[in-house]
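Okay, structure-v1.txt is below, compact mmCIF, C-alpha atoms:
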```txt
# COMPACT_ATOMS: atom_id res chain seq x y z
CA MET A 1 0.00 0.00 0.00
CA PHE A 2 2.74 2.45 1.01
CA GLN A 3 4.75 1.58 -2.15
CA ARG A 4 1.71 2.22 -4.42
CA LYS A 5 1.23 5.79 -2.96
CA VAL A 6 4.93 6.57 -3.54
CA PHE A 7 4.72 5.32 -7.10
CA ALA A 8 1.58 7.36 -7.86
CA GLY A 9 3.27 10.47 -6.45
CA LEU A 10 6.34 10.01 -8.60
CA LEU A 11 4.19 9.56 -11.73
CA MET A 12 2.28 12.81 -11.05
CA LEU A 13 5.49 14.75 -10.50
CA THR A 14 6.82 13.48 -13.81
CA LEU A 15 3.62 14.45 -15.71
CA ALA A 16 3.60 17.88 -14.10
CA ALA A 17 7.20 18.54 -15.12
CA ALA A 18 6.49 17.44 -18.69
CA GLY A 19 3.39 19.69 -18.83
CA ALA A 20 5.38 22.68 -17.71
CA ALA A 21 7.91 22.13 -20.48
CA VAL A 22 5.76 21.46 -23.56
CA ALA A 23 2.02 22.14 -23.07
CA GLN A 24 2.06 25.92 -23.61
CA THR A 25 -1.16 27.48 -24.99
CA THR A 26 -2.31 31.02 -25.67
CA VAL A 27 -4.79 32.32 -23.13
CA ALA A 28 -6.99 35.32 -23.90
CA LEU A 29 -6.67 37.94 -21.18
CA PRO A 30 -9.35 40.56 -20.56
CA ASP A 31 -8.51 43.84 -22.30
CA THR A 32 -8.36 46.26 -19.40
CA SER A 33 -7.67 49.19 -21.72
CA GLN A 34 -11.35 49.19 -22.80
CA THR A 35 -12.91 49.37 -19.33
CA THR A 36 -13.16 52.30 -16.95
CA THR A 37 -13.62 51.86 -13.26
CA LEU A 38 -15.62 54.69 -11.72
CA THR A 39 -15.00 55.10 -8.02
CA SER A 40 -17.14 57.51 -6.06
CA ILE A 41 -15.80 58.49 -2.66
CA VAL A 42 -18.63 59.73 -0.49
CA ASN A 43 -17.58 61.57 2.64
CA GLU A 44 -19.60 61.72 5.81
CA GLN A 45 -21.89 64.72 5.42
CA ALA A 46 -25.21 66.32 6.30
CA ARG A 47 -27.29 69.37 5.45
CA VAL A 48 -28.10 71.64 8.37
CA THR A 49 -30.75 74.36 8.72
CA VAL A 50 -30.97 76.49 11.85
CA PRO A 51 -32.98 79.61 12.66
CA ALA A 52 -31.25 82.98 12.87
CA THR A 53 -33.06 84.41 15.88
CA VAL A 54 -35.71 83.71 18.48
CA SER A 55 -37.50 86.60 20.20
CA PHE A 56 -39.12 86.69 23.62
CA ASN A 57 -42.11 88.99 23.90
CA VAL A 58 -41.63 89.82 27.57
CA THR A 59 -44.78 91.48 28.92
CA ASP A 60 -44.17 90.64 32.58
CA VAL A 61 -40.62 90.28 33.86
CA THR A 62 -41.87 88.45 36.96
CA SER A 63 -43.16 85.57 34.80
CA SER A 64 -41.35 83.28 32.41
CA THR A 65 -41.80 83.91 28.68
CA ALA A 66 -41.91 81.26 26.00
CA ALA A 67 -40.74 82.09 22.48
CA SER A 68 -42.42 80.85 19.33
CA ALA A 69 -41.46 77.32 18.37
CA ALA A 70 -38.24 77.10 16.37
CA SER A 71 -37.37 74.67 13.59
CA VAL A 72 -34.11 72.77 13.22
CA THR A 73 -33.39 70.31 10.43
CA VAL A 74 -30.54 67.95 9.70
CA SER A 75 -31.03 66.21 6.37
CA ASN A 76 -29.09 64.21 3.75
CA ILE A 77 -27.22 62.47 6.56
CA VAL A 78 -24.45 60.22 5.23
CA LEU A 79 -22.24 58.55 7.84
CA ASP A 80 -19.66 55.76 7.90
CA THR A 81 -21.72 53.19 9.76
CA ALA A 82 -25.35 52.51 10.61
CA THR A 83 -24.55 53.06 14.28
CA LYS A 84 -23.06 56.57 14.05
CA GLN A 85 -25.19 59.54 15.03
CA ILE A 86 -25.22 63.32 14.67
CA LYS A 87 -25.61 65.27 17.88
CA VAL A 88 -27.20 68.71 18.07
CA SER A 89 -26.33 70.87 21.07
CA ILE A 90 -26.17 74.54 22.08
CA GLN A 91 -23.99 76.82 24.18
CA ALA A 92 -24.30 80.52 25.03
CA ASN A 93 -21.47 82.71 23.78
CA ALA A 94 -21.58 84.78 26.98
CA ALA A 95 -22.64 84.25 30.59
CA SER A 96 -25.45 86.79 30.31
CA PHE A 97 -27.52 88.81 27.85
CA THR A 98 -26.17 92.17 26.72
CA PRO A 99 -28.47 94.79 28.29
CA PRO A 100 -29.57 97.97 26.47
CA VAL A 101 -27.58 100.07 28.92
CA ALA A 102 -24.18 99.07 30.26
CA GLY A 103 -24.43 97.75 33.79
CA ALA A 104 -28.20 97.29 33.72
CA THR A 105 -29.63 94.12 35.20
CA THR A 106 -30.40 91.52 32.58
CA TRP A 107 -30.94 87.80 32.22
CA SER A 108 -28.22 85.18 32.66
CA ALA A 109 -27.65 82.55 30.01
CA THR A 110 -28.82 79.98 32.55
CA ASP A 111 -32.25 81.68 32.59
CA VAL A 112 -32.87 80.16 29.14
CA THR A 113 -34.29 76.65 29.02
CA TRP A 114 -35.73 74.50 26.24
CA ASN A 115 -38.21 71.67 26.02
CA ALA A 116 -37.71 68.05 25.02
CA ALA A 117 -39.39 68.73 21.72
CA ALA A 118 -40.98 66.11 19.52
CA TRP A 119 -38.39 65.29 16.88
CA THR A 120 -38.69 63.19 13.78
CA ASN A 121 -35.96 60.53 13.81
CA ALA A 122 -34.26 61.93 16.89
CA THR A 123 -34.46 61.90 20.65
CA GLY A 124 -34.90 65.37 22.04
CA ALA A 125 -33.62 66.43 25.44
CA SER A 126 -34.76 69.33 27.57
CA GLY A 127 -32.03 71.46 29.05
CA THR A 128 -30.70 74.66 30.52
CA LEU A 129 -28.38 76.93 28.61
CA SER A 130 -24.75 77.08 29.72
CA SER A 131 -21.86 79.27 28.64
CA SER A 132 -19.24 76.64 29.48
CA ALA A 133 -20.54 73.48 27.80
CA PHE A 134 -22.64 72.47 24.82
CA ASN A 135 -25.76 70.80 26.20
CA SER A 136 -27.59 68.28 24.08
CA VAL A 137 -30.79 69.34 22.33
CA ALA A 138 -31.22 66.16 20.30
CA THR A 139 -29.38 63.15 18.97
CA CYS A 140 -30.44 61.94 15.55
CA ASP A 141 -31.35 58.26 15.38
CA ALA A 142 -28.68 55.89 14.14
CA ASP A 143 -29.00 55.25 10.41
CA ALA A 144 -31.56 58.07 9.98
CA ALA A 145 -31.38 59.99 6.70
CA SER A 146 -32.73 63.10 8.38
CA CYS A 147 -33.96 64.40 11.69
CA SER A 148 -35.93 67.54 12.46
CA THR A 149 -38.28 69.40 14.73
CA THR A 150 -40.64 72.32 14.35
CA GLY A 151 -41.50 72.43 18.00
CA LEU A 152 -38.38 73.54 19.85
CA VAL A 153 -39.53 76.10 22.41
CA PHE A 154 -37.07 78.27 24.31
CA THR A 155 -38.27 79.82 27.55
CA LEU A 156 -36.82 82.83 29.33
CA GLY A 157 -37.15 82.64 33.08
CA ALA A 158 -38.72 85.29 35.29
CA LYS A 159 -36.39 88.09 36.33
CA GLY A 160 -38.21 90.67 38.46
CA THR A 161 -35.04 92.72 38.92
CA VAL A 162 -34.86 93.71 35.23
CA LYS A 163 -35.62 97.45 35.05
CA ARG A 164 -34.62 98.50 31.55
CA SER A 165 -36.78 97.99 28.47
CA ARG A 166 -35.59 97.61 24.86
CA ASN A 167 -32.91 95.27 23.58
CA HIS A 168 -31.48 92.46 25.67
CA THR A 169 -29.63 90.07 23.37
CA LEU A 170 -27.61 86.90 23.70
CA SER A 171 -25.74 84.91 21.06
CA ILE A 172 -26.07 81.15 21.10
CA THR A 173 -24.07 78.66 19.05
CA TRP A 174 -25.67 75.57 17.56
CA LYS A 175 -23.16 72.75 17.44
CA PHE A 176 -23.45 69.87 15.01
CA GLU A 177 -21.01 67.05 15.64
CA SER A 178 -20.40 63.43 14.91
CA ILE A 179 -16.92 63.08 16.32
CA GLY A 180 -15.65 59.56 16.14
CA THR A 181 -12.63 57.43 15.45
CA MET B 1 -49.12 114.76 10.84
CA LYS B 2 -49.82 111.62 8.87
CA GLN B 3 -46.34 111.67 7.37
CA ARG B 4 -44.79 111.98 10.83
CA THR B 5 -46.48 108.78 12.06
CA ARG B 6 -45.54 106.91 8.93
CA ILE B 7 -41.81 107.39 9.42
CA PRO B 8 -41.56 105.61 12.80
CA LEU B 9 -43.82 102.83 11.52
CA LEU B 10 -41.62 102.33 8.46
CA LEU B 11 -38.54 102.35 10.66
CA GLY B 12 -40.16 99.79 12.95
CA GLY B 13 -40.99 97.63 9.96
CA LEU B 14 -37.40 97.74 8.76
CA LEU B 15 -36.17 96.79 12.21
CA LEU B 16 -38.59 93.85 12.30
CA LEU B 17 -37.30 92.75 8.91
CA ALA B 18 -33.79 92.87 10.31
CA ALA B 19 -34.90 90.88 13.33
CA ALA B 20 -36.50 88.19 11.16
CA ALA B 21 -33.13 87.31 9.69
CA PRO B 22 -33.20 84.22 7.48
CA ALA B 23 -32.08 80.84 8.69
CA ILE B 24 -28.72 79.54 7.61
CA GLU B 25 -28.57 76.35 5.56
CA PHE B 26 -25.45 74.47 4.53
CA THR B 27 -24.07 71.03 3.78
CA SER B 28 -20.98 70.15 5.74
CA SER B 29 -18.49 67.35 5.84
CA PHE B 30 -18.74 65.37 9.08
CA GLU B 31 -15.81 63.14 8.17
CA SER B 32 -13.30 62.80 10.97
CA ILE B 33 -9.70 63.26 9.84
CA LYS B 34 -7.86 60.07 10.79
CA ILE B 35 -4.10 59.90 10.44
CA ASP B 36 -1.77 56.99 11.10
CA GLY B 37 1.41 59.01 11.17
CA ARG B 38 5.00 59.09 12.34
CA PRO B 39 6.81 61.70 14.42
CA GLY B 40 8.15 64.43 12.15
CA GLU B 41 5.62 63.74 9.43
CA VAL B 42 3.42 66.42 7.83
CA VAL B 43 -0.01 65.31 6.59
CA ASN B 44 -2.54 67.39 4.66
CA SER B 45 -6.30 67.01 4.51
CA GLU B 46 -9.29 69.11 3.51
CA PHE B 47 -12.62 70.11 5.03
CA GLN B 48 -15.51 71.35 2.88
CA LEU B 49 -18.76 73.15 3.57
CA HIS B 50 -21.29 74.18 0.90
CA LEU B 51 -23.63 77.08 1.59
CA ALA B 52 -27.13 76.61 0.20
CA PRO B 53 -28.05 78.84 -2.74
CA GLY B 54 -30.49 81.68 -2.25
CA GLY B 55 -29.32 82.59 1.23
CA LYS B 56 -27.05 85.25 2.56
CA ARG B 57 -23.27 85.68 2.35
CA VAL B 58 -21.78 84.18 5.52
CA HIS B 59 -18.43 84.68 7.24
CA PHE B 60 -16.84 81.57 8.70
CA LYS B 61 -13.96 81.23 11.13
CA ALA B 62 -12.03 77.99 11.68
CA ARG B 63 -9.81 76.79 14.48
CA ALA B 64 -8.38 73.62 15.95
CA GLU B 65 -9.36 73.05 19.55
CA ASP B 66 -9.65 70.36 22.19
CA TRP B 67 -12.84 68.44 22.81
CA TRP B 68 -14.22 65.88 25.20
CA PRO B 69 -17.71 64.71 26.09
CA SER B 70 -19.23 64.21 29.52
CA GLU B 71 -19.37 60.57 30.64
CA ASP B 72 -23.02 60.22 29.59
CA GLY B 73 -22.40 62.06 26.32
CA SER B 74 -25.06 64.70 27.03
CA ARG B 75 -22.54 67.55 27.14
CA SER B 76 -19.54 68.45 25.00
CA PHE B 77 -16.68 70.59 26.17
CA TYR B 78 -14.54 72.61 23.75
CA ARG B 79 -11.39 74.29 25.03
CA PRO B 80 -8.30 75.95 23.47
CA ALA B 81 -5.83 73.69 21.70
CA GLY B 82 -3.29 72.22 24.08
CA THR B 83 -5.62 72.02 27.07
CA LEU B 84 -5.64 68.22 27.08
CA PRO B 85 -2.52 66.08 27.60
CA ARG B 86 -3.06 64.17 24.34
CA SER B 87 -4.12 67.17 22.27
CA CYS B 88 -3.14 67.41 18.63
CA GLY B 89 -4.59 70.91 18.44
CA THR B 90 -1.22 72.67 18.51
CA TRP B 91 0.02 70.50 15.62
CA ILE B 92 -2.72 71.73 13.29
CA SER B 93 -2.59 74.71 10.95
CA LEU B 94 -5.54 75.82 8.82
CA ASN B 95 -5.82 77.77 5.61
CA PRO B 96 -7.88 79.89 5.36
CA VAL B 97 -8.69 80.63 8.98
CA GLU B 98 -11.43 83.13 8.18
CA THR B 99 -13.30 83.79 4.97
CA ALA B 100 -16.66 84.82 3.57
CA VAL B 101 -18.72 82.47 1.43
CA ASP B 102 -21.43 83.59 -0.96
CA ALA B 103 -24.75 81.76 -1.12
CA GLY B 104 -24.23 78.62 -3.18
CA GLY B 105 -20.48 78.82 -2.60
CA THR B 106 -18.03 76.39 -1.04
CA LEU B 107 -15.72 76.82 1.90
CA ALA B 108 -12.63 74.61 1.54
CA ILE B 109 -10.16 74.57 4.41
CA ARG B 110 -6.76 72.94 4.07
CA VAL B 111 -5.89 71.12 7.30
CA THR B 112 -2.18 70.49 7.87
CA ALA B 113 -0.99 68.30 10.71
CA ALA B 114 2.71 68.67 11.55
CA ILE B 115 3.53 65.87 13.98
CA PRO B 116 6.39 66.85 16.33
CA ARG B 117 9.51 64.67 16.17
CA GLN B 118 9.42 64.13 19.95
CA ALA B 119 5.78 62.98 20.05
CA GLY B 120 5.39 59.69 21.91
CA PRO B 121 3.33 56.70 20.78
CA GLY B 122 -0.43 56.42 21.15
CA GLY B 123 -3.50 58.31 20.07
CA TYR B 124 -3.86 62.09 19.98
CA TRP B 125 -7.02 63.97 19.17
CA CYS B 126 -8.51 67.42 18.66
CA VAL B 127 -11.29 68.89 16.52
CA LEU B 128 -11.60 71.25 13.61
CA THR B 129 -14.32 73.75 14.47
CA VAL B 130 -15.88 75.96 11.81
CA ASP B 131 -18.05 78.73 13.24
CA GLU B 132 -20.47 81.06 11.51
CA VAL B 133 -19.35 84.60 12.43
CA PRO B 134 -22.27 86.84 13.43
CA ASP B 135 -23.07 89.72 11.11
CA PRO B 136 -22.91 92.91 13.22
CA LEU B 137 -25.44 94.58 10.90
CA GLU B 138 -28.13 92.04 11.73
CA ALA B 139 -29.74 93.60 14.76
CA SER B 140 -32.28 91.89 17.00
CA GLU B 141 -35.12 93.90 18.47
CA GLY B 142 -36.40 93.45 21.99
CA VAL B 143 -35.38 90.48 24.10
CA ALA B 144 -33.91 87.92 21.76
CA VAL B 145 -31.29 85.27 21.21
CA ARG B 146 -29.29 85.22 18.00
CA PHE B 147 -28.06 81.91 16.70
CA GLN B 148 -24.84 80.97 14.97
CA ALA B 149 -24.10 77.57 13.50
CA SER B 150 -20.95 75.62 14.22
CA VAL B 151 -19.64 72.30 12.97
CA SER B 152 -16.90 70.26 14.62
CA VAL B 153 -15.19 67.27 13.06
CA GLY B 154 -12.69 65.07 14.85
CA ILE B 155 -8.98 64.88 14.11
CA PHE B 156 -7.42 61.64 15.34
CA ILE B 157 -3.69 61.03 14.96
CA ASN B 158 -2.25 57.65 15.89
CA LEU B 159 1.47 57.10 16.36
CA ALA B 160 2.66 53.50 16.56
CA PRO B 161 2.61 51.48 18.68
CA VAL B 162 -1.08 51.99 19.36
CA GLU B 163 -2.68 49.86 22.06
CA ARG B 164 -6.45 49.56 21.77
CA ALA B 165 -7.95 48.17 24.95
CA ALA B 166 -11.10 48.72 26.93
CA GLU B 167 -13.16 47.09 29.63
CA ILE B 168 -16.87 46.98 30.36
CA ARG B 169 -17.15 48.14 33.95
CA SER B 170 -20.89 47.80 34.52
CA VAL B 171 -24.19 46.94 32.90
CA GLU B 172 -27.46 48.40 34.18
CA ILE B 173 -30.96 48.04 32.83
CA SER B 174 -33.84 50.23 33.84
CA ARG B 175 -36.87 51.94 32.33
CA GLY B 176 -36.47 50.46 28.89
CA LYS B 177 -32.82 51.39 28.50
CA SER B 178 -29.51 49.71 29.14
CA ARG B 179 -26.48 51.62 30.35
CA LEU B 180 -22.96 50.26 29.98
CA GLN B 181 -19.93 51.91 31.47
CA VAL B 182 -16.94 51.33 29.19
CA CYS B 183 -13.45 52.50 30.13
CA ASN B 184 -10.47 52.91 27.84
CA ARG B 185 -7.43 50.98 29.04
CA GLY B 186 -5.22 51.60 26.00
CA ASN B 187 -3.22 54.57 24.77
CA ALA B 188 -5.58 55.76 22.03
CA PRO B 189 -9.26 56.67 21.61
CA VAL B 190 -11.45 53.79 20.45
CA GLY B 191 -14.80 53.67 18.71
CA ALA B 192 -17.11 51.30 20.58
CA GLU B 193 -20.29 49.79 19.19
CA GLY B 194 -22.08 46.50 19.57
CA ARG B 195 -25.19 44.79 20.78
CA LEU B 196 -26.95 43.32 23.76
CA GLU B 197 -28.38 39.83 23.54
CA PHE B 198 -31.13 38.57 25.83
CA LEU B 199 -31.20 34.80 26.39
CA PRO B 200 -33.63 32.85 28.53
CA PRO B 201 -31.75 31.26 31.48
CA GLY B 202 -30.26 28.01 30.21
CA GLY B 203 -30.97 28.98 26.61
CA THR B 204 -28.37 29.16 23.88
CA SER B 205 -29.88 31.59 21.41
CA PRO B 206 -31.08 35.15 22.10
CA VAL B 207 -34.79 35.97 22.06
CA ALA B 208 -34.05 39.65 21.50
CA THR B 209 -31.17 41.99 20.74
CA ALA B 210 -30.55 45.71 21.14
CA VAL B 211 -28.08 47.81 19.17
CA ILE B 212 -25.48 49.84 21.04
CA PRO B 213 -24.84 52.97 18.92
CA ARG B 214 -21.25 53.89 18.16
CA ALA B 215 -19.49 56.20 20.61
CA THR B 216 -15.93 57.35 21.02
CA VAL B 217 -14.19 56.40 24.25
CA LEU B 218 -11.24 58.71 24.80
CA THR B 219 -8.27 58.43 27.10
CA ASP B 220 -7.63 61.21 29.67
CA PRO B 221 -9.49 63.30 30.79
CA ALA B 222 -12.60 61.25 29.96
CA PRO B 223 -11.50 57.59 29.78
CA CYS B 224 -14.93 56.21 30.71
CA ARG B 225 -18.16 56.56 28.76
CA ILE B 226 -21.73 55.50 29.38
CA LEU B 227 -23.19 53.82 26.30
CA THR B 228 -26.95 53.56 26.20
CA ALA B 229 -29.18 51.34 24.12
CA ASP B 230 -32.95 51.21 23.84
CA LEU B 231 -34.41 47.84 24.77
CA PRO B 232 -36.88 46.13 22.44
CA GLY B 233 -40.57 46.53 23.31
CA PRO B 234 -42.36 44.20 25.77
CA SER B 235 -43.85 42.17 22.94
CA VAL B 236 -40.34 41.16 21.88
CA LEU B 237 -38.76 41.19 25.31
CA PRO B 238 -41.42 40.42 27.96
CA PRO B 239 -40.62 41.06 31.63
CA GLY B 240 -38.64 38.27 33.22
CA ARG B 241 -35.21 36.94 34.03
CA TYR B 242 -32.67 36.82 31.24
CA LEU B 243 -29.04 36.15 30.67
CA VAL B 244 -27.91 39.52 29.30
CA ARG B 245 -24.85 39.29 27.08
CA VAL B 246 -22.96 42.38 25.91
CA LEU B 247 -20.78 42.17 22.80
CA LEU B 248 -18.67 45.23 22.06
CA ASP B 249 -16.53 45.90 19.01
CA ILE B 250 -13.69 48.35 19.69
CA GLY B 251 -11.80 47.75 16.46
CA VAL B 252 -9.50 44.97 17.62
CA ASP B 253 -9.43 41.34 16.45
CA HIS B 254 -11.89 40.18 19.11
CA TYR B 255 -15.09 41.37 20.74
CA LEU B 256 -15.27 42.48 24.36
CA GLY B 257 -17.96 40.47 26.11
CA VAL B 258 -19.64 40.22 29.46
CA GLN B 259 -22.80 38.44 30.57
CA ARG B 260 -24.88 38.16 33.69
CA GLU B 261 -28.40 37.17 34.66
CA MET B 262 -30.67 40.13 35.20
CA GLU B 263 -34.31 40.75 35.97
CA ILE B 264 -35.98 42.88 33.33
CA GLY B 265 -39.12 44.68 34.45
CA ARG B 266 -41.17 46.84 32.11
```

Translate this file's structure into structure tokens.
Amino acid sequence: MFQRKVFAGLLMLTLAAAGAAVAQTTVALPDTSQTTTLTSIVNEQARVTVPATVSFNVTDVTSSTAASAASVTVSNIVLDTATKQIKVSIQANAASFTPPVAGATTWSATDVTWNAAAWTNATGASGTLSSSAFNSVATCDADAASCSTTGLVFTLGAKGTVKRSRNHTLSITWKFESIGT
Amino acid sequence: MKQRTRIPLLLGGLLLLAAAAPAIEFTSSFESIKIDGRPGEVVNSEFQLHLAPGGKRVHFKARAEDWWPSEDGSRSFYRPAGTLPRSCGTWISLNPVETAVDAGGTLAIRVTAAIPRQAGPGGYWCVLTVDEVPDPLEASEGVAVRFQASVSVGIFINLAPVERAAEIRSVEISRGKSRLQVCNRGNAPVGAEGRLEFLPPGGTSPVATAVIPRATVLTDPAPCRILTADLPGPSVLPPGRYLVRVLLDIGVDHYLGVQREMEIGR
């Protein structure tokens, strides 16, 4: 039995060597010069729409005032994986509003709050404005192509010590991020 | 007399128009810049933002800065480049730093990372932040907040040897959500994602699963992160006792896994 296996092996080696020496044929290769490979590199991206301003019609400084509902939209979301998400958050650019007259009492950034609005394809979070950290407003659902709300309501808290009418303004930054390795 | 009253009304109308400034709309890259580099190397990349047509001309300002999230991910902190021990913010130069973009136009920023020769191994990170610069001519009337948009994309620079390691410190389930505490034990940030499997005690195959969305787990100063996942509804996962198995992918050649029996109430 052992001798037969050795013999068969020797025979195959011999045939293989002979084939390599004499059995050469022409093989048709695909003509790569007549094809074009189109490669589209799609980066992670999204379209963002944010409002420019929100006004508070303060008729009684001793009561809180809600602004009209604001709309925020993130659309055409393209991300690396189905589990990545875009986060929407806000931070005040200053610790307090700028009053109409220097030194006048005005509202602090922390007097501004927002609701956990109903979002399409996102989880909204209520919060209080800060000037030192971006606090989450919403996180778009994983694998969502868009997320949006038309019902984000900012509320300005009561401040009975405010004595000056006219313009009290504060700048707020909307942050859109999907920071990941 | 009539003319006199018209002038203030017209002025008021103009001010209201100024107050009702249009929203800003743009398409931005959210692609993190990931570099596997060597000390002394210079690597270039590009960030792009397209302003929607039909809007206003917008000024943008760019900078590299440090970033980290709170443990539960609900807050993000941005500080000047070089604040964090493993910041790459001071290695980054941008061109242009500030520019105006017309409606329908494109902002392209060249991002150059110059890795210092003396930089040690491991992962470094920072972010490229592009801010809309407020237009001083757009006045707000009354009590108002003015919004600016800002986009931040991550910059991650790895210098060999990079050790990716993490551990799952705890698993909690309550009120329809699971919370995992994951801590980075390596020398570079890792992206963590995975799933929870719910098996009946003694069973071998899960009756339900829940996806754990991807999150970045940094090293100092925020080496631990709470990852949350929504549980399936009661029709899929009825109340009861289950073997809860967590499988986490952190980009190495094996999954991290833990399991324990837990009571799931609804």

With 8 Å as the limit and counting all atoms listed in the file, what residues in chain A lie close to chain B? Please list them as a VMD selection string. chain A and resid 43 to 58 79 83 to 85 89 132 to 136 142 165 to 181

Any chance you could export the current selection's C-alpha atoms as a short mmCIF file (atom, residue, chain, number, x, y, z; two decimals), keeping the file's coordinate frame?
```cif
data_model
loop_
_atom_site.label_atom_id
_atom_site.label_comp_id
_atom_site.auth_asym_id
_atom_site.auth_seq_id
_atom_site.Cartn_x
_atom_site.Cartn_y
_atom_site.Cartn_z
CA ASN A 43 -17.58 61.57 2.64
CA GLU A 44 -19.60 61.72 5.81
CA GLN A 45 -21.89 64.72 5.42
CA ALA A 46 -25.21 66.32 6.30
CA ARG A 47 -27.29 69.37 5.45
CA VAL A 48 -28.10 71.64 8.37
CA THR A 49 -30.75 74.36 8.72
CA VAL A 50 -30.97 76.49 11.85
CA PRO A 51 -32.98 79.61 12.66
CA ALA A 52 -31.25 82.98 12.87
CA THR A 53 -33.06 84.41 15.88
CA VAL A 54 -35.71 83.71 18.48
CA SER A 55 -37.50 86.60 20.20
CA PHE A 56 -39.12 86.69 23.62
CA ASN A 57 -42.11 88.99 23.90
CA VAL A 58 -41.63 89.82 27.57
CA LEU A 79 -22.24 58.55 7.84
CA THR A 83 -24.55 53.06 14.28
CA LYS A 84 -23.06 56.57 14.05
CA GLN A 85 -25.19 59.54 15.03
CA SER A 89 -26.33 70.87 21.07
CA SER A 132 -19.24 76.64 29.48
CA ALA A 133 -20.54 73.48 27.80
CA PHE A 134 -22.64 72.47 24.82
CA ASN A 135 -25.76 70.80 26.20
CA SER A 136 -27.59 68.28 24.08
CA ALA A 142 -28.68 55.89 14.14
CA SER A 165 -36.78 97.99 28.47
CA ARG A 166 -35.59 97.61 24.86
CA ASN A 167 -32.91 95.27 23.58
CA HIS A 168 -31.48 92.46 25.67
CA THR A 169 -29.63 90.07 23.37
CA LEU A 170 -27.61 86.90 23.70
CA SER A 171 -25.74 84.91 21.06
CA ILE A 172 -26.07 81.15 21.10
CA THR A 173 -24.07 78.66 19.05
CA TRP A 174 -25.67 75.57 17.56
CA LYS A 175 -23.16 72.75 17.44
CA PHE A 176 -23.45 69.87 15.01
CA GLU A 177 -21.01 67.05 15.64
CA SER A 178 -20.40 63.43 14.91
CA ILE A 179 -16.92 63.08 16.32
CA GLY A 180 -15.65 59.56 16.14
CA THR A 181 -12.63 57.43 15.45
#
```

note - CA of Gly124 (chain A) and CA of Leu247 (chain B) are separated by 27.2 Å

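Nearest to His59 (chain B) of all the residues B:Ala103, B:Ala166, B:Ala229, B:Tyr242 is B:Ala103, based on all atoms listed in the file.
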
Hey, can you check how far CA of Lys159 (chain A) sits from CA of Ala125 (chain A)?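 These atoms are spaced 24.4 Å apart.
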
For each of A:Ala118, A:Leu38, A:Ala82, A:Val27, take the minimum atom-to-atom distance to Val137 (chain A), counting all atoms listed in the file, then give the residue where this is smallest.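 Ranking A:Ala118, A:Leu38, A:Ala82, A:Val27 by distance to Val137 (chain A), first place goes to A:Ala118.
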
Residue neighbourhood Gly40 (chain B), 10 Å, all atoms listed in the file, exclusion window fewer than 4 positions, as a CSV table (one decimal) with C-alpha atoms, keeping the file's coordinate frame:
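Saved result, selection_26.csv, follows:
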```csv
chain,number,residue,atom,x,y,z
B,114,ALA,CA,2.7,68.7,11.6
B,115,ILE,CA,3.5,65.9,14.0
B,116,PRO,CA,6.4,66.8,16.3
B,117,ARG,CA,9.5,64.7,16.2
B,118,GLN,CA,9.4,64.1,20.0
B,119,ALA,CA,5.8,63.0,20.0
```

Quick one, how far is CA of Arg266 (chain B) from CA of Glu172 (chain B)?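 That distance, rounded to one decimal, is 14.0 Å.
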
Considering all atoms listed in the file, can you say which of A:Thr39, A:Ala144, A:Thr26, A:Arg164 comes closest to Gly103 (chain A)?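 Ranking A:Thr39, A:Ala144, A:Thr26, A:Arg164 by distance to Gly103 (chain A), first place goes to A:Arg164.
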
As JSON, please report the centre and edge lengths, rounded to one decimal in Å, of the axis-aligned box that holds all listed atoms of region 60-67 of chain B with 4 Å of padding on each of the six sides.
```
{"center_x": -12.6, "center_y": 75.0, "center_z": 15.8, "size_x": 16.5, "size_y": 21.1, "size_z": 22.1}
```
